[in-house]
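Working notes, structure below.
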2 protein chains.
Amino acid sequence: MGEWRRLGGEIVFDAGIFRLRRDAYEHEGLPTRPFYVLESNTWINVVPVTPAGEIVLVRQYRHGIQQTTLEVPGGLVDLRDEDPAAAAVRELLEETGHRGAPPELLGAVSSNPAILDNRTHCFVVRDARPVGAPNPDPHEDVSVEIHPAQRVREMVLKGEIHHSLSACALMLFFLQRRDA
Amino acid sequence: MGEWRRLGGEIVFDAGIFRLRRDAYEHEGLPTRPFYVLESNTWINVVPVTPAGEIVLVRQYRHGIQQTTLEVPGGLVDLRDEDPAAAAVRELLEETGHRGAPPELLGAVSSNPAILDNRTHCFVVRDARPVGAPNPDPHEDVSVEIHPAQRVREMVLKGEIHHSLSACALMLFFLQRRDA
């Protein structure tokens, strides 16, 4: 493959949760069209498994598709270099009121390497139990749903759970569990 | 959950492959901060399986992370309302020079329902065989790699294949195959 060389970039729009950057490139020594990249912080999500083998999910309104979706809990790593596992514990507690064993990394994916610069770290938290009421951010309008793992697996395969990054975390969990 | 009502939107930046839109909302009757959405066409990707049970992958430079990644073939559905399955056949041929049986839908995910308005349709194409040389777009600098399915499964679980949407397609394939 020919060599790509990034000549520079400039922020063309700041949307708060991400910034849109225009990058200039050379490919094999020749200038190309500009490429657009969203700069964002690391994202995390969590598969919370209860002692009974259920999975704790959240339903929330998603503005990209103007519908509610069923997802695993998750969010952004805080700007002040928060550890991704610590962010997983925090988001799980805020969104669902649950705590559990220390997060175990299922894997980390590139959120979308064509247009996003960040990664999503996917964790499992076993032995998740309610310790209080959820306390989501004011702009997060979240309700909690708890389903047996087998039913959640079916929801992913049938497209009832269709957020790509939630599906990644859950499928990493199901594929690894079957190896055990 | 409280009701979300979209009051309107305006395009604030056109990046070619997507447009950035700012939407105004009310939540439970009160105005909220703006939400930013990327408008894009439907995306597709394909798990191409050879008669020997190998999977045809592509390696390409991804400008979001400034690295090459190993992925399943894929791309955008053409603007002129192309059928997603037809786009899968077209992209598979363009990027890898392979053709196979008619695409079967593994599932469709929301590419990222928080910030993107589109879906990614994931297909499997069985009996994929080389029929000519790849013919990618000039700005697509793609090389083809063919690996046994079991090795590809391992690459997903180890994070060697880490594009979230490629991982989704492959894990849908592996989870469904194990059900068979």
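Just so we're on the same page: first chain in the structure tokens is A, next is B, and so on; residues restart at 1 for each chain, and ligands are numbered from 1 in the order they show up.
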For Gly64 of chain A, please output as a PDB file with C-alpha atoms, in the first residue's frame all residues within 7 Å (counting only C-alpha atoms; exclusion window: fewer than 4 positions along the same chain).
ATOM      1  CA  VAL B  37     -26.022  14.540  14.417  1.00  0.00           C
ATOM      2  CA  PRO B 113     -27.286   6.092  17.357  1.00  0.00           C
ATOM      3  CA  ALA B 114     -25.908   8.822  19.631  1.00  0.00           C
ATOM      4  CA  ILE B 115     -24.358  10.828  16.788  1.00  0.00           C
ATOM      5  CA  LEU B 116     -25.095   9.124  13.449  1.00  0.00           C
ATOM      6  CA  ASP B 117     -28.489   8.814  11.768  1.00  0.00           C
TER       7      ASP B 117
END
Val77 of chain A: which residues within 8 Å, counting only C-alpha atoms, same-chain residues fewer than 5 positions away excluded, as a PyMOL selection string?
-> chain A and resi 41-44+82-84+87
Take the residues from that selection and write them out as a PDB file, in the first residue's frame, keeping C-alpha atoms.
ATOM      1  CA  ASN A  41     -12.417  11.272  24.272  1.00  0.00           C
ATOM      2  CA  THR A  42     -12.205   7.543  24.965  1.00  0.00           C
ATOM      3  CA  TRP A  43     -15.581   5.842  25.350  1.00  0.00           C
ATOM      4  CA  ILE A  44     -16.366   2.904  27.611  1.00  0.00           C
ATOM      5  CA  GLU A  82      -9.804   9.095  34.075  1.00  0.00           C
ATOM      6  CA  ASP A  83      -8.872   5.416  33.930  1.00  0.00           C
ATOM      7  CA  PRO A  84     -11.291   3.575  31.578  1.00  0.00           C
ATOM      8  CA  ALA A  87     -15.166   5.321  34.158  1.00  0.00           C
TER       9      ALA A  87
END
Considering only C-alpha atoms, return as a ChimeraX atom specification whatever protein or nucleic-acid residues lie within 12 Å of Glu10 of chain B, sequence-local ones (same chain, fewer than 3 positions apart) excluded.
-> /B:6-7,13-14,19-24,34-39
For the selection just defined, write its residues with N, CA and C atoms to a file, as a PDB file, in the first residue's frame.
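out_7.pdb was written with the following content:
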ATOM      1  N   ARG B   6     -38.146  17.065  18.828  1.00  0.00           N
ATOM      2  CA  ARG B   6     -37.195  17.787  17.984  1.00  0.00           C
ATOM      3  C   ARG B   6     -37.892  18.988  17.382  1.00  0.00           C
ATOM      4  N   LEU B   7     -37.313  20.163  17.603  1.00  0.00           N
ATOM      5  CA  LEU B   7     -37.945  21.401  17.155  1.00  0.00           C
ATOM      6  C   LEU B   7     -37.475  21.787  15.758  1.00  0.00           C
ATOM      7  N   PHE B  13     -22.203  22.033   8.902  1.00  0.00           N
ATOM      8  CA  PHE B  13     -20.993  21.769   8.125  1.00  0.00           C
ATOM      9  C   PHE B  13     -21.239  20.579   7.190  1.00  0.00           C
ATOM     10  N   ASP B  14     -20.787  20.709   5.944  1.00  0.00           N
ATOM     11  CA  ASP B  14     -20.910  19.616   4.978  1.00  0.00           C
ATOM     12  C   ASP B  14     -19.522  19.061   4.689  1.00  0.00           C
ATOM     13  N   ARG B  19     -22.828  15.068   6.658  1.00  0.00           N
ATOM     14  CA  ARG B  19     -23.160  16.459   6.983  1.00  0.00           C
ATOM     15  C   ARG B  19     -23.396  16.536   8.486  1.00  0.00           C
ATOM     16  N   LEU B  20     -22.908  17.595   9.095  1.00  0.00           N
ATOM     17  CA  LEU B  20     -23.090  17.795  10.530  1.00  0.00           C
ATOM     18  C   LEU B  20     -24.300  18.701  10.742  1.00  0.00           C
ATOM     19  N   ARG B  21     -25.278  18.183  11.498  1.00  0.00           N
ATOM     20  CA  ARG B  21     -26.537  18.907  11.720  1.00  0.00           C
ATOM     21  C   ARG B  21     -26.679  19.241  13.210  1.00  0.00           C
ATOM     22  N   ARG B  22     -27.125  20.453  13.484  1.00  0.00           N
ATOM     23  CA  ARG B  22     -27.414  20.851  14.870  1.00  0.00           C
ATOM     24  C   ARG B  22     -28.921  20.832  15.059  1.00  0.00           C
ATOM     25  N   ASP B  23     -29.397  20.043  16.036  1.00  0.00           N
ATOM     26  CA  ASP B  23     -30.832  19.902  16.289  1.00  0.00           C
ATOM     27  C   ASP B  23     -31.214  20.592  17.589  1.00  0.00           C
ATOM     28  N   ALA B  24     -32.324  21.284  17.553  1.00  0.00           N
ATOM     29  CA  ALA B  24     -32.901  21.883  18.764  1.00  0.00           C
ATOM     30  C   ALA B  24     -33.967  20.938  19.312  1.00  0.00           C
ATOM     31  N   PRO B  34     -28.299  22.041  22.423  1.00  0.00           N
ATOM     32  CA  PRO B  34     -28.419  21.447  21.084  1.00  0.00           C
ATOM     33  C   PRO B  34     -27.776  20.061  21.052  1.00  0.00           C
ATOM     34  N   PHE B  35     -28.266  19.209  20.141  1.00  0.00           N
ATOM     35  CA  PHE B  35     -27.644  17.905  19.900  1.00  0.00           C
ATOM     36  C   PHE B  35     -27.122  17.886  18.466  1.00  0.00           C
ATOM     37  N   TYR B  36     -25.956  17.285  18.273  1.00  0.00           N
ATOM     38  CA  TYR B  36     -25.301  17.267  16.970  1.00  0.00           C
ATOM     39  C   TYR B  36     -25.388  15.872  16.363  1.00  0.00           C
ATOM     40  N   VAL B  37     -25.794  15.810  15.111  1.00  0.00           N
ATOM     41  CA  VAL B  37     -26.022  14.540  14.417  1.00  0.00           C
ATOM     42  C   VAL B  37     -25.285  14.570  13.079  1.00  0.00           C
ATOM     43  N   LEU B  38     -24.639  13.454  12.742  1.00  0.00           N
ATOM     44  CA  LEU B  38     -24.049  13.313  11.416  1.00  0.00           C
ATOM     45  C   LEU B  38     -25.047  12.608  10.513  1.00  0.00           C
ATOM     46  N   GLU B  39     -25.410  13.260   9.426  1.00  0.00           N
ATOM     47  CA  GLU B  39     -26.268  12.633   8.417  1.00  0.00           C
ATOM     48  C   GLU B  39     -25.383  11.886   7.432  1.00  0.00           C
TER      49      GLU B  39
END
Nearest to Leu76 of chain A, restricted to only C-alpha atoms and choosing among A:Leu92, A:Ala128, A:Met155, A:Ala169, comes out as A:Leu92
Identify all chain A residues at most 7 Å from chain B by counting only C-alpha atoms; ligands do not count. Present them as a compact mmCIF listing (two decimals) with C-alpha atoms, in the first residue's frame.
# COMPACT_ATOMS: atom_id res chain seq x y z
CA MET A 1 0.00 0.00 0.00
CA ALA A 15 -19.74 20.36 18.85
CA PHE A 35 -10.31 13.90 5.20
CA TYR A 36 -12.64 14.76 8.09
CA VAL A 37 -12.11 13.32 11.56
CA ARG A 62 -30.76 8.60 21.09
CA HIS A 63 -30.76 11.82 19.11
CA GLY A 64 -28.94 10.37 16.08
CA ILE A 65 -31.88 8.12 15.21
CA GLY A 107 -11.73 -5.88 24.43
CA ALA A 108 -11.23 -2.44 22.94
CA VAL A 109 -12.54 -1.48 19.52
CA SER A 110 -11.92 1.52 17.30
CA SER A 111 -15.24 3.37 17.62
CA ASN A 112 -15.13 4.05 13.88
CA PRO A 113 -11.59 4.34 12.49
CA ALA A 114 -12.78 5.95 9.25
CA ILE A 115 -14.11 9.08 10.95
CA LEU A 116 -13.46 8.91 14.72
CA ASP A 117 -10.06 9.06 16.43
CA ASP A 141 -33.00 10.20 30.40
CA VAL A 142 -32.34 6.57 31.22
CA SER A 143 -34.49 3.66 32.42
CA LEU A 157 -29.04 -11.58 17.15
CA GLY A 159 -31.55 -6.69 16.19
CA HIS A 162 -28.78 -2.62 17.65
CA HIS A 163 -26.34 0.03 18.94
CA SER A 164 -23.14 -1.15 17.24
CA LEU A 165 -20.91 -0.56 20.27
CA ALA A 167 -23.60 -5.14 20.31
CA CYS A 168 -19.78 -5.36 20.21
CA MET A 171 -20.98 -10.29 21.51
CA LEU A 172 -17.44 -10.19 22.92
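The coordinates place atom CA of Glu54 of chain A at 22.3 Å from atom CA of Ala86 of chain A.
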Write down as an NGL selection string the residues belonging to chain B that are assigned alpha helix (DSSP H) by DSSP computed on the backbone.
-> :B and (84-96 or 149-157 or 164-179)
Selected residue, from A:Val124, A:Ala133, A:Val72, A:Ala85, that lies nearest to Gly97 of chain A when counting only C-alpha atoms | A:Ala133
In Å and to one decimal, atom CA of Ala88 of chain A is distant from atom CA of Ile11 of chain A by 29.2 Å
Residues of segment 54-104 of chain B that approach segment 147-152 of chain B to 9 Å or less, counting only C-alpha atoms: could you list each one with the shortest pair of atoms and its distance in Å to one decimal, rows by chain and increasing residue number, as CSV?
residue,atom,partner,partner_atom,distance
B:Glu54,CA,B:Pro148,CA,4.1
B:Ile55,CA,B:His147,CA,5.5
B:Val56,CA,B:His147,CA,6.7
B:Leu57,CA,B:His147,CA,7.7
